[in-house]
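Source file: run-v4.pdb; contents: PDB, C-alpha atoms.
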```
ATOM      1  CA  MET A   1       5.111  13.397  12.047
ATOM      2  CA  ILE A   2       6.880  12.056   8.996
ATOM      3  CA  ILE A   3       5.672   8.792   7.495
ATOM      4  CA  LYS A   4       7.815   7.204   4.806
ATOM      5  CA  VAL A   5       6.976   4.292   2.561
ATOM      6  CA  LEU A   6      10.100   2.629   1.211
ATOM      7  CA  GLY A   7       9.846   0.763  -2.062
ATOM      8  CA  GLY A   8      10.406   0.887  -5.777
ATOM      9  CA  GLY A   9       6.804   1.654  -6.715
ATOM     10  CA  CYS A  10       5.399  -1.900  -6.865
ATOM     11  CA  ALA A  11       1.729  -2.625  -6.224
ATOM     12  CA  ASN A  12       2.378  -3.454  -2.555
ATOM     13  CA  CYS A  13       4.335  -0.214  -2.108
ATOM     14  CA  ARG A  14       1.435   1.797  -3.507
ATOM     15  CA  LYS A  15      -1.007  -0.124  -1.305
ATOM     16  CA  LEU A  16       1.050   0.583   1.827
ATOM     17  CA  TYR A  17       1.248   4.282   0.926
ATOM     18  CA  ALA A  18      -2.561   4.409   0.564
ATOM     19  CA  LEU A  19      -3.009   2.597   3.902
ATOM     20  CA  ALA A  20      -0.643   4.981   5.669
ATOM     21  CA  GLU A  21      -2.489   7.964   4.209
ATOM     22  CA  GLN A  22      -5.865   6.515   5.232
ATOM     23  CA  ALA A  23      -4.690   5.643   8.750
ATOM     24  CA  ALA A  24      -3.294   9.140   9.335
ATOM     25  CA  GLN A  25      -6.546  10.706   8.138
ATOM     26  CA  GLU A  26      -8.709   8.424  10.277
ATOM     27  CA  LEU A  27      -6.578   9.212  13.342
ATOM     28  CA  GLY A  28      -6.650  12.938  12.579
ATOM     29  CA  VAL A  29      -2.862  13.091  12.537
ATOM     30  CA  GLN A  30      -0.984  15.821  10.693
ATOM     31  CA  ALA A  31       1.595  13.811   8.805
ATOM     32  CA  GLU A  32       3.935  14.364   5.907
ATOM     33  CA  LEU A  33       3.854  11.268   3.681
ATOM     34  CA  VAL A  34       6.987  10.580   1.674
ATOM     35  CA  LYS A  35       7.715   7.912  -0.927
ATOM     36  CA  VAL A  36      11.318   6.714  -0.856
ATOM     37  CA  GLU A  37      12.177   4.874  -4.067
ATOM     38  CA  ASP A  38      15.973   5.209  -4.277
ATOM     39  CA  MET A  39      17.530   1.859  -3.364
ATOM     40  CA  ARG A  40      20.510   3.451  -1.611
ATOM     41  CA  ASP A  41      18.157   5.396   0.633
ATOM     42  CA  ILE A  42      16.080   2.279   1.313
ATOM     43  CA  VAL A  43      19.148   0.204   2.218
ATOM     44  CA  SER A  44      20.362   2.997   4.519
ATOM     45  CA  TYR A  45      17.417   2.083   6.799
ATOM     46  CA  GLY A  46      18.644  -1.510   6.942
ATOM     47  CA  VAL A  47      15.680  -2.647   4.877
ATOM     48  CA  MET A  48      16.350  -5.481   2.457
ATOM     49  CA  ARG A  49      12.728  -6.282   1.517
ATOM     50  CA  THR A  50      10.058  -3.807   0.529
ATOM     51  CA  PRO A  51       7.598  -2.361   1.107
ATOM     52  CA  ALA A  52       8.610  -0.826   4.409
ATOM     53  CA  LEU A  53       6.949   1.673   6.708
ATOM     54  CA  VAL A  54       9.097   4.221   8.545
ATOM     55  CA  ILE A  55       7.576   6.628  11.056
ATOM     56  CA  ASN A  56       9.692   9.414  12.535
ATOM     57  CA  GLU A  57      12.806   7.653  11.172
ATOM     58  CA  LYS A  58      11.967   4.335  12.907
ATOM     59  CA  VAL A  59      11.372   1.259  10.755
ATOM     60  CA  LYS A  60       8.067  -0.213  11.889
ATOM     61  CA  VAL A  61       7.521  -3.022   9.385
ATOM     62  CA  PHE A  62       9.087  -4.297   6.182
ATOM     63  CA  GLY A  63       8.586  -7.035   3.632
ATOM     64  CA  LYS A  64       4.799  -7.071   3.895
ATOM     65  CA  VAL A  65       1.699  -4.908   3.748
ATOM     66  CA  PRO A  66       0.256  -4.666   7.264
ATOM     67  CA  LYS A  67      -3.442  -4.311   7.968
ATOM     68  CA  ILE A  68      -4.845  -0.819   8.568
ATOM     69  CA  ASP A  69      -5.156  -1.476  12.325
ATOM     70  CA  GLU A  70      -1.430  -2.257  12.515
ATOM     71  CA  VAL A  71      -0.573   0.940  10.657
ATOM     72  CA  LYS A  72      -2.750   2.927  13.074
ATOM     73  CA  LYS A  73      -0.994   1.262  16.012
ATOM     74  CA  TYR A  74       2.430   2.225  14.629
ATOM     75  CA  ILE A  75       1.298   5.827  14.109
ATOM     76  CA  THR A  76      -0.198   6.004  17.610
ATOM     77  CA  GLU A  77       3.069   4.716  19.110
ATOM     78  CA  GLU A  78       4.905   7.690  17.601
ATOM     79  CA  MET A  79       2.437  10.381  18.676
TER      80      MET A  79
END
```
Conversion result in structure tokens:
Amino acid sequence: MIIKVLGGGCANCRKLYALAEQAAQELGVQAELVKVEDMRDIVSYGVMRTPALVINEKVKVFGKVPKIDEVKKYITEEM
């Protein structure tokens, strides 16, 4: 599973990355976490507001930091 956090490195982007890492660990999921900071790459996902969470190349949420339970739900959907 590939989990990407899209964003320029702001506080919310870092928070979402930490939540995604924590959720994957708590679920026992082997995941590759990737930070995507290049704006062209971010826009290529159709995302206009960051942070955004992409799992297996599907945009799950953008423009906000979801709660840990939401992140776990998104990961579980892609398992």
Taking all atoms listed in the file into account, name the residue in A:Lys67, A:Phe62, A:Met48, A:Met1 that is nearest to Ala24 of chain A. A:Met1
Which residues, protein or nucleic acid, reach to within 12 Å of (8.5, 2.1, 11.3) in the file's coordinates when using only C-alpha atoms, and can you give that as a PyMOL selection string? chain A and resi 1-6+20+45-47+51-63+66+70-78
Put those residues in a file: C-alpha atoms, as an mmCIF file, in the frame of the given file.
```
data_model
loop_
_atom_site.group_PDB
_atom_site.id
_atom_site.type_symbol
_atom_site.label_atom_id
_atom_site.label_comp_id
_atom_site.auth_asym_id
_atom_site.auth_seq_id
_atom_site.Cartn_x
_atom_site.Cartn_y
_atom_site.Cartn_z
ATOM 1 C CA MET A 1 5.111 13.397 12.047
ATOM 2 C CA ILE A 2 6.880 12.056 8.996
ATOM 3 C CA ILE A 3 5.672 8.792 7.495
ATOM 4 C CA LYS A 4 7.815 7.204 4.806
ATOM 5 C CA VAL A 5 6.976 4.292 2.561
ATOM 6 C CA LEU A 6 10.100 2.629 1.211
ATOM 7 C CA ALA A 20 -0.643 4.981 5.669
ATOM 8 C CA TYR A 45 17.417 2.083 6.799
ATOM 9 C CA GLY A 46 18.644 -1.510 6.942
ATOM 10 C CA VAL A 47 15.680 -2.647 4.877
ATOM 11 C CA PRO A 51 7.598 -2.361 1.107
ATOM 12 C CA ALA A 52 8.610 -0.826 4.409
ATOM 13 C CA LEU A 53 6.949 1.673 6.708
ATOM 14 C CA VAL A 54 9.097 4.221 8.545
ATOM 15 C CA ILE A 55 7.576 6.628 11.056
ATOM 16 C CA ASN A 56 9.692 9.414 12.535
ATOM 17 C CA GLU A 57 12.806 7.653 11.172
ATOM 18 C CA LYS A 58 11.967 4.335 12.907
ATOM 19 C CA VAL A 59 11.372 1.259 10.755
ATOM 20 C CA LYS A 60 8.067 -0.213 11.889
ATOM 21 C CA VAL A 61 7.521 -3.022 9.385
ATOM 22 C CA PHE A 62 9.087 -4.297 6.182
ATOM 23 C CA GLY A 63 8.586 -7.035 3.632
ATOM 24 C CA PRO A 66 0.256 -4.666 7.264
ATOM 25 C CA GLU A 70 -1.430 -2.257 12.515
ATOM 26 C CA VAL A 71 -0.573 0.940 10.657
ATOM 27 C CA LYS A 72 -2.750 2.927 13.074
ATOM 28 C CA LYS A 73 -0.994 1.262 16.012
ATOM 29 C CA TYR A 74 2.430 2.225 14.629
ATOM 30 C CA ILE A 75 1.298 5.827 14.109
ATOM 31 C CA THR A 76 -0.198 6.004 17.610
ATOM 32 C CA GLU A 77 3.069 4.716 19.110
ATOM 33 C CA GLU A 78 4.905 7.690 17.601
#
```
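Minimum atom-to-atom distances from A:Val65, A:Leu19, A:Gly7, A:Cys13 to Arg40 of chain A were compared using all atoms listed in the file, and the lowest value belongs to A:Gly7.
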Point-to-point distance in Å for atom CA of Ser44 of chain A and atom CA of Ala18 of chain A: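 One can read the atom CA of Ala18 of chain A to atom CA of Ser44 of chain A distance as 23.3 Å.
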